[in-house]
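Dropping my_file-v5.cif in here (mmCIF, C-alpha atoms):
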```
data_upload
loop_
_atom_site.label_atom_id
_atom_site.label_comp_id
_atom_site.auth_asym_id
_atom_site.auth_seq_id
_atom_site.Cartn_x
_atom_site.Cartn_y
_atom_site.Cartn_z
CA MET W 427 119.82 119.16 163.43
CA LEU W 428 116.99 120.33 165.72
CA VAL W 429 116.21 123.15 163.31
CA LEU W 430 116.07 120.72 160.41
CA LEU W 431 113.90 118.24 162.27
CA GLY W 432 111.55 121.00 163.29
CA GLY W 433 110.67 121.77 159.68
CA CYS W 434 107.94 120.24 157.55
CA ALA W 435 110.10 117.40 156.27
CA SER W 436 110.46 114.23 158.31
CA PRO W 437 113.96 112.91 159.18
CA ARG W 438 113.40 110.08 156.72
CA GLN W 439 112.54 112.51 153.94
CA LEU W 440 115.63 114.57 154.70
CA ILE W 441 117.82 111.48 154.51
CA LEU W 442 116.18 110.37 151.25
CA LYS W 443 116.64 113.82 149.78
CA GLY W 444 120.35 113.74 150.62
CA VAL W 445 120.76 110.25 149.16
CA ALA W 446 118.81 111.26 146.04
CA SER W 447 121.04 114.28 145.54
CA GLU W 448 124.20 112.19 145.91
CA LEU W 449 122.95 109.49 143.54
CA ALA W 450 121.94 112.07 140.96
CA SER W 451 125.39 113.65 141.06
CA GLN W 452 127.05 110.24 140.75
CA GLY W 453 125.10 109.68 137.55
CA ASN W 454 127.07 112.53 135.99
CA ALA W 455 130.47 111.51 137.36
CA PRO W 456 133.19 111.10 134.68
CA GLU W 457 134.19 107.54 133.80
CA ASP W 458 135.97 106.26 130.70
CA ASP W 459 136.47 102.59 131.64
CA LEU W 460 133.64 100.69 129.94
CA VAL W 461 134.21 97.50 131.91
CA LEU W 462 134.19 99.29 135.26
CA ALA W 463 131.13 101.30 134.24
CA HIS W 464 129.35 98.12 133.16
CA GLU W 465 130.15 96.34 136.42
CA ALA W 466 129.08 99.28 138.58
CA SER W 467 125.96 100.25 136.64
CA ALA W 468 123.62 97.51 137.81
CA PHE W 469 124.03 98.30 141.52
CA TYR W 470 123.86 102.05 140.93
CA LEU W 471 120.70 101.77 138.83
CA LYS W 472 118.90 99.45 141.24
CA LEU W 473 119.77 101.61 144.24
CA SER W 474 118.81 104.82 142.44
CA GLU W 475 115.58 103.26 141.23
CA SER W 476 114.60 102.20 144.75
CA VAL W 477 115.20 105.73 146.08
CA LEU W 478 113.30 107.23 143.14
CA ARG W 479 110.26 105.14 144.03
CA GLU W 480 110.22 106.95 147.35
CA MET W 481 110.68 110.36 145.67
CA PRO W 482 109.07 109.95 142.22
CA GLY W 483 108.98 113.66 141.48
CA ASP W 484 112.65 114.37 142.18
CA THR W 485 113.79 115.96 138.92
CA ALA W 486 117.54 115.40 139.27
CA LEU W 487 117.29 111.78 140.39
CA ALA W 488 114.61 110.88 137.83
CA THR W 489 116.76 112.40 135.10
CA ALA W 490 119.80 110.44 136.29
CA VAL W 491 117.86 107.17 136.45
CA ALA W 492 116.26 107.62 133.03
CA SER W 493 119.65 108.60 131.62
CA GLY W 494 121.34 105.63 133.29
CA PHE W 495 118.91 103.01 132.01
CA THR W 496 118.91 104.50 128.51
CA GLN W 497 122.69 104.58 128.26
CA TYR W 498 123.03 101.11 129.79
CA ALA W 499 120.56 99.72 127.24
CA TYR W 500 122.41 101.34 124.35
CA ALA W 501 126.03 100.83 125.39
CA PHE W 502 125.90 97.38 126.97
CA VAL W 503 122.88 95.58 125.53
CA GLN W 504 121.75 96.89 122.14
CA SER W 505 125.31 97.40 120.89
CA GLU W 506 126.21 93.87 121.94
CA ALA W 507 123.18 92.55 120.06
CA GLU W 508 124.32 94.29 116.89
CA ARG W 509 127.80 92.81 117.18
CA MET W 510 126.40 89.34 117.85
CA GLU W 511 123.86 89.34 115.01
CA SER W 512 126.09 87.67 112.43
CA LYS W 513 127.23 84.96 114.85
CA ASP W 514 124.07 84.10 116.80
CA ALA W 515 120.84 85.67 115.59
CA HIS W 516 118.76 84.09 118.36
CA ALA W 517 120.98 85.42 121.14
CA ALA W 518 121.03 88.82 119.45
CA GLN W 519 117.24 88.90 119.39
CA LYS W 520 117.09 88.14 123.11
CA LEU W 521 119.48 91.00 123.78
CA ARG W 522 117.35 93.35 121.67
CA GLN W 523 114.28 92.36 123.65
CA ARG W 524 116.14 93.08 126.87
CA ALA W 525 117.31 96.43 125.55
CA ALA W 526 113.72 97.31 124.64
CA ARG W 527 112.61 96.53 128.20
CA LEU W 528 115.38 98.71 129.61
CA TYR W 529 114.47 101.59 127.30
CA ARG W 530 110.86 101.24 128.41
CA ARG W 531 111.94 101.29 132.03
CA ALA W 532 113.90 104.50 131.46
CA HIS W 533 110.95 106.04 129.66
CA ASP W 534 108.51 105.09 132.40
CA HIS W 535 110.68 106.65 135.11
CA ALA W 536 111.05 109.93 133.19
CA MET W 537 107.37 110.14 132.27
CA ASN W 538 106.30 109.28 135.81
CA ALA W 539 108.40 112.15 137.15
CA LEU W 540 106.90 114.53 134.59
CA GLU W 541 103.45 113.28 135.56
CA GLN W 542 104.20 113.86 139.25
CA GLN W 543 105.25 117.42 138.51
CA THR W 544 102.53 118.15 135.94
CA PRO W 545 99.40 116.05 136.51
CA SER W 546 97.89 114.60 133.31
CA PHE W 547 101.14 115.31 131.43
CA ALA W 548 100.82 112.17 129.26
CA LYS W 549 97.17 112.89 128.45
CA ALA W 550 98.01 116.45 127.43
CA LEU W 551 100.92 115.25 125.31
CA ALA W 552 98.62 112.83 123.44
CA SER W 553 96.01 115.50 122.66
CA ASN W 554 95.35 116.36 119.02
CA LEU W 555 95.08 120.02 119.97
CA PRO W 556 98.40 121.91 120.23
CA ALA W 557 96.81 124.21 122.79
CA ASP W 558 96.51 121.22 125.14
CA TRP W 559 100.15 120.15 124.89
CA PRO W 560 102.12 120.50 128.14
CA ARG W 561 104.46 123.43 128.63
CA LEU W 562 107.88 122.36 129.85
CA ARG W 563 109.77 124.37 132.40
CA PRO W 564 113.52 124.75 131.81
CA GLU W 565 114.35 122.35 134.65
CA GLN W 566 112.17 119.67 132.99
CA VAL W 567 114.01 119.66 129.65
CA GLY W 568 116.45 116.95 130.76
CA LEU W 569 113.59 114.69 131.84
CA ALA W 570 111.80 115.31 128.56
CA TYR W 571 114.97 114.59 126.59
CA TRP W 572 115.59 111.24 128.26
CA ALA W 573 111.91 110.32 128.12
CA SER W 574 111.94 110.99 124.40
CA ALA W 575 115.34 109.39 123.69
CA SER W 576 114.46 106.20 125.57
CA TRP W 577 111.06 106.16 123.86
CA GLY W 578 112.78 106.30 120.49
CA GLY W 579 115.11 103.44 121.44
CA TRP W 580 112.21 101.35 122.68
CA ILE W 581 110.17 101.98 119.52
CA ALA W 582 113.10 101.15 117.24
CA LEU W 583 113.38 97.71 118.85
CA ALA W 584 109.63 97.02 118.95
CA LYS W 585 108.84 96.77 115.26
CA ASP W 586 106.59 93.75 115.94
CA ASP W 587 104.50 95.74 118.43
CA PRO W 588 102.18 98.09 116.48
CA ASP W 589 100.89 99.81 119.62
CA THR W 590 104.40 100.81 120.67
CA VAL W 591 105.41 101.91 117.17
CA ALA W 592 102.25 104.00 116.94
CA ASP W 593 103.60 106.20 119.75
CA PHE W 594 106.51 107.45 117.65
CA PRO W 595 104.80 110.79 116.84
CA LEU W 596 104.42 111.39 120.59
CA ALA W 597 108.13 110.79 121.16
CA VAL W 598 108.88 113.30 118.39
CA ARG W 599 106.40 115.77 119.88
CA LEU W 600 108.00 115.54 123.29
CA ALA W 601 111.44 116.17 121.80
CA ARG W 602 110.08 119.20 119.96
CA LEU W 603 108.58 120.58 123.17
CA ALA W 604 112.00 120.29 124.79
CA TRP W 605 113.61 121.87 121.72
CA ALA W 606 111.27 124.85 121.97
CA VAL W 607 112.57 125.54 125.49
CA SER W 608 116.26 124.68 125.19
CA PRO W 609 117.57 123.78 121.71
CA GLY W 610 121.14 123.71 122.96
CA TYR W 611 120.46 121.15 125.69
CA GLY W 612 123.22 118.63 126.32
CA ASP W 613 125.84 120.37 124.15
CA GLY W 614 124.06 119.11 121.05
CA ALA W 615 122.44 115.96 122.45
CA LEU W 616 118.91 117.24 121.88
CA ALA W 617 119.78 118.57 118.42
CA SER W 618 121.20 115.14 117.51
CA LEU W 619 118.03 113.44 118.76
CA MET W 620 115.96 115.84 116.65
CA GLY W 621 118.06 114.87 113.64
CA THR W 622 117.61 111.17 114.32
CA PHE W 623 113.86 111.55 114.67
CA GLU W 624 113.59 113.71 111.54
CA ALA W 625 115.54 111.15 109.53
CA ALA W 626 113.41 108.28 110.86
CA ARG W 627 109.90 109.68 110.75
CA PRO W 628 107.69 108.99 107.69
CA GLY W 629 107.93 111.97 105.38
CA GLY W 630 110.88 113.37 107.25
CA SER W 631 113.27 115.77 105.56
CA GLN W 632 116.85 114.63 105.10
CA VAL W 633 117.82 118.26 104.60
CA GLN W 634 116.28 119.24 107.93
CA ALA W 635 117.81 116.19 109.63
CA THR W 636 121.23 117.16 108.30
CA GLN W 637 120.78 120.68 109.65
CA TYR W 638 119.96 119.29 113.08
CA PHE W 639 123.06 117.08 113.04
CA ASP W 640 125.26 119.94 111.89
CA GLN W 641 123.87 122.10 114.68
CA ALA W 642 124.56 119.30 117.17
CA ILE W 643 128.14 119.00 115.94
CA ALA W 644 128.62 122.75 116.27
CA LEU W 645 127.14 122.80 119.77
CA GLY W 646 129.49 119.99 120.77
CA ALA W 647 132.41 122.26 119.86
CA GLY W 648 134.67 119.33 119.06
CA LYS W 649 133.99 117.56 122.36
CA ASN W 650 131.07 115.31 121.44
CA ALA W 651 131.48 112.31 119.12
CA ALA W 652 127.84 111.19 119.23
CA PRO W 653 126.42 113.61 116.61
CA LEU W 654 129.16 112.63 114.16
CA VAL W 655 128.31 108.95 114.53
CA ALA W 656 124.59 109.71 114.35
CA LYS W 657 125.03 111.70 111.14
CA ALA W 658 127.09 108.89 109.63
CA GLU W 659 124.41 106.31 110.42
CA ASN W 660 121.31 108.38 109.66
CA ILE W 661 122.44 110.51 106.71
CA ALA W 662 125.55 109.12 105.00
CA LEU W 663 124.65 105.41 105.28
CA PRO W 664 121.08 105.65 103.85
CA ALA W 665 122.43 107.88 101.06
CA GLY W 666 125.10 105.30 100.20
CA ASP W 667 127.79 107.92 100.68
CA ARG W 668 130.74 105.80 101.82
CA ALA W 669 133.22 108.69 101.71
CA ALA W 670 131.12 110.85 104.04
CA PHE W 671 130.40 107.85 106.27
CA ASP W 672 134.10 107.08 106.74
CA ALA W 673 135.04 110.74 107.20
CA LEU W 674 132.44 111.33 109.93
CA LEU W 675 133.44 108.21 111.84
CA LYS W 676 137.14 109.02 111.63
CA GLN W 677 136.36 112.50 112.92
CA ALA W 678 134.44 110.91 115.80
CA LEU W 679 137.50 108.84 116.67
CA THR W 680 139.59 112.01 116.78
CA VAL W 681 137.12 113.71 119.13
CA SER W 682 137.05 110.72 121.44
CA GLU W 683 140.82 110.62 121.75
CA THR W 684 140.76 113.87 123.72
CA GLN W 685 137.48 113.37 125.59
CA HIS W 686 137.75 110.50 128.05
CA ASP W 687 134.20 110.44 129.41
CA LEU W 688 131.95 107.40 129.11
CA PRO W 689 129.65 108.62 126.27
CA ASN W 690 132.63 109.42 124.04
CA THR W 691 134.28 106.12 124.93
CA VAL W 692 131.11 104.30 123.89
CA MET W 693 130.87 106.25 120.65
CA ARG W 694 134.56 105.70 119.89
CA GLU W 695 134.02 101.95 120.08
CA ARG W 696 130.91 102.22 117.93
CA ALA W 697 132.66 104.36 115.34
CA GLN W 698 135.54 101.87 115.16
CA TRP W 699 133.12 98.93 114.80
CA LEU W 700 131.17 100.69 112.06
CA LEU W 701 134.37 101.41 110.15
CA GLU W 702 135.44 97.77 110.45
CA THR W 703 132.06 96.51 109.18
CA ALA W 704 131.50 99.20 106.56
CA ASP W 705 132.06 96.78 103.65
CA ASP W 706 129.02 94.82 104.85
CA LEU W 707 126.91 97.97 105.17
CA PHE W 708 127.51 99.38 101.68
#
```

Kindly present the structure from the file in structure tokens form.
Amino acid sequence: MLVLLGGCASPRQLILKGVASELASQGNAPEDDLVLAHEASAFYLKLSESVLREMPGDTALATAVASGFTQYAYAFVQSEAERMESKDAHAAQKLRQRAARLYRRAHDHAMNALEQQTPSFAKALASNLPADWPRLRPEQVGLAYWASASWGGWIALAKDDPDTVADFPLAVRLARLAWAVSPGYGDGALASLMGTFEAARPGGSQVQATQYFDQAIALGAGKNAAPLVAKAENIALPAGDRAAFDALLKQALTVSETQHDLPNTVMRERAQWLLETADDLF
């Protein structure tokens, strides 16, 4: 203890660092009970957020917080809004607005950490000159992924806010910068995000988007349902291909049966809901 206290870090900083490390690791802990995860998430996110404010450049904690808010917004708020739409449009709209705020919160935490580590990161990202764009280090790819993913979620729910929607090319650019460093990040998570962005952007190529999704599915090696659901929603549904839509979602259900982590549990429920409402979608 005396050796530790004699170093450059204060006792308080050492304690915060230990807490930050523990919170970051808890963010990756396996959990397949959606109700338990929902009930525990609010406390975990608020505590983690308060520690992150004290250590804004901590890569692991910032990644966990951005990840946590993004997944909470998607799994427990936006998804509920979609299910509620046909019954109570007003309540669904309020949930979408809340989800947008949560996505923005996730994005702000991730971008703030990148800014702490690389001053003027956001300004460089917004430059029209590729030579000015920031260069990500391998350990920053996770932050960039969650910053970009949460940005995309926020933009998708902010169609009445032109300033927010106008940032979509920057979200795509950030994802591409991460892709250039680590295309296999997240066992296909980044490849799936690239596919979603390619399918959504004006002038995007459906062929290229499909290739991204197929790469994501391959990287998942049968353990990740998300790319299958994403391909169903972003490729098969717009194309009006009901057979492919059903097949992808049924395959996602099969994956989820053997993978009992929270993301696959969330995607299993989404795949089942999409199958049940497919007649209304086609």

field: For stretch 607-624 of chain W: contacts at 10 Å, all atoms listed in the file, fewer than 3 positions along chain excluded, given as a PyMOL selection string
entry: chain W and resi 561-568+570-572+574-575+578+594-595+597-598+601-604+627-647+649-650+652-657+659-661

- request: Find the residues around stretch 513-530 of chain W up to 9 Å (all atoms listed in the file counted), leave out those fewer than 3 positions away in its own chain, and share them as a list of chain:residue names.
  value: W:Ala492, W:Phe495, W:Thr496, W:Gln497, W:Tyr498, W:Ala499, W:Tyr500, W:Phe502, W:Val503, W:Gln504, W:Ser505, W:Glu506, W:Ala507, W:Glu508, W:Arg509, W:Met510, W:His533, W:Asp534, W:His535, W:Ala575, W:Ser576, W:Trp577, W:Gly578, W:Gly579, W:Trp580, W:Ile581, W:Ala582, W:Leu583, W:Ala584

Pairwise distance for atom CA of W:Leu569 and atom CA of W:Asn690, rounded to one decimal in Å: 21.2 Å

- prompt: Which of these, W:Leu663, W:Met537, W:Ala651, W:Ala658, has the shortest distance to W:Ala678 once you count only C-alpha atoms?
  reply: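 Result for the nearest residue to W:Ala678: W:Ala651.
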
- prompt: Which residues, written as a list of chain:residue names, have at least one atom at most 9 Å from W:Gln698, with all atoms listed in the file counted and residues fewer than 3 positions away on the same chain left out?
  reply: W:Leu675, W:Lys676, W:Leu679, W:Met693, W:Arg694, W:Glu695, W:Leu701, W:Glu702, W:Thr703

Convert the current residue selection to file output with C-alpha atoms, as an mmCIF file, in the coordinates of the input.
```cif
data_model
loop_
_atom_site.group_PDB
_atom_site.id
_atom_site.type_symbol
_atom_site.label_atom_id
_atom_site.label_comp_id
_atom_site.auth_asym_id
_atom_site.auth_seq_id
_atom_site.Cartn_x
_atom_site.Cartn_y
_atom_site.Cartn_z
ATOM 1 C CA LEU W 675 133.440 108.210 111.840
ATOM 2 C CA LYS W 676 137.140 109.020 111.630
ATOM 3 C CA LEU W 679 137.500 108.840 116.670
ATOM 4 C CA MET W 693 130.870 106.250 120.650
ATOM 5 C CA ARG W 694 134.560 105.700 119.890
ATOM 6 C CA GLU W 695 134.020 101.950 120.080
ATOM 7 C CA LEU W 701 134.370 101.410 110.150
ATOM 8 C CA GLU W 702 135.440 97.770 110.450
ATOM 9 C CA THR W 703 132.060 96.510 109.180
#
```

task: Identify which of the residues W:Thr544, W:Ala592, W:Val681, W:Ser512 lies closest to W:Asp706, counting only C-alpha atoms when measuring atom-to-atom distances.
output: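 Looking only at the distances to W:Asp706, the closest residue turns out to be W:Ser512.
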
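Each of W:Asp667, W:Asp593, W:Glu480, W:Glu475 was checked against W:Leu707 using all atoms listed in the file; the smallest atom-to-atom distance is that of W:Asp667.
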
- request: Run the PyMOL selection byres ((chain W and resi 476) around 12) against the file shown and list the residues it catches, as a list in words.
  value: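 Applied to this file, the PyMOL selection byres ((chain W and resi 476) around 12) selects Leu442, Val445, Ala446, Leu449, Phe469, Tyr470, Leu471, Lys472, Leu473, Ser474, Glu475, Val477, Leu478, Arg479, Glu480, Met481, Pro482, Leu487, Ala488, Val491 and His535 of chain W.
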
task: For atom CA of W:Leu596 and atom CA of W:Ala550, quote the distance in Å rounded to one decimal.
output: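 Those two atoms sit 10.7 Å apart.
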
message: Calculated over all atoms listed in the file, which of the candidates W:Leu688, W:Leu540, W:Ala557, W:Ala697 has the smallest distance to W:Ala573?
response: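 Closest candidate: W:Leu540.
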
query: Could you spell out the hits of the PyMOL selection byres ((chain W and resi 483) around 7) on the shown file, as a VMD selection string?
result: chain W and resid 481 to 482 484 to 485 539 542 to 543

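In this model, the gap between atom CA of W:Phe671 and atom CA of W:Ala704 comes to 8.7 Å.
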
Specify the axis-aligned box that encloses all atoms of stretch 657-668 of chain W listed in the file after padding of 8 Å on each side, stating its centre and edge lengths in Å to one decimal as JSON.
```
{"center_x": 125.9, "center_y": 108.5, "center_z": 105.7, "size_x": 25.7, "size_y": 22.4, "size_z": 26.9}
```
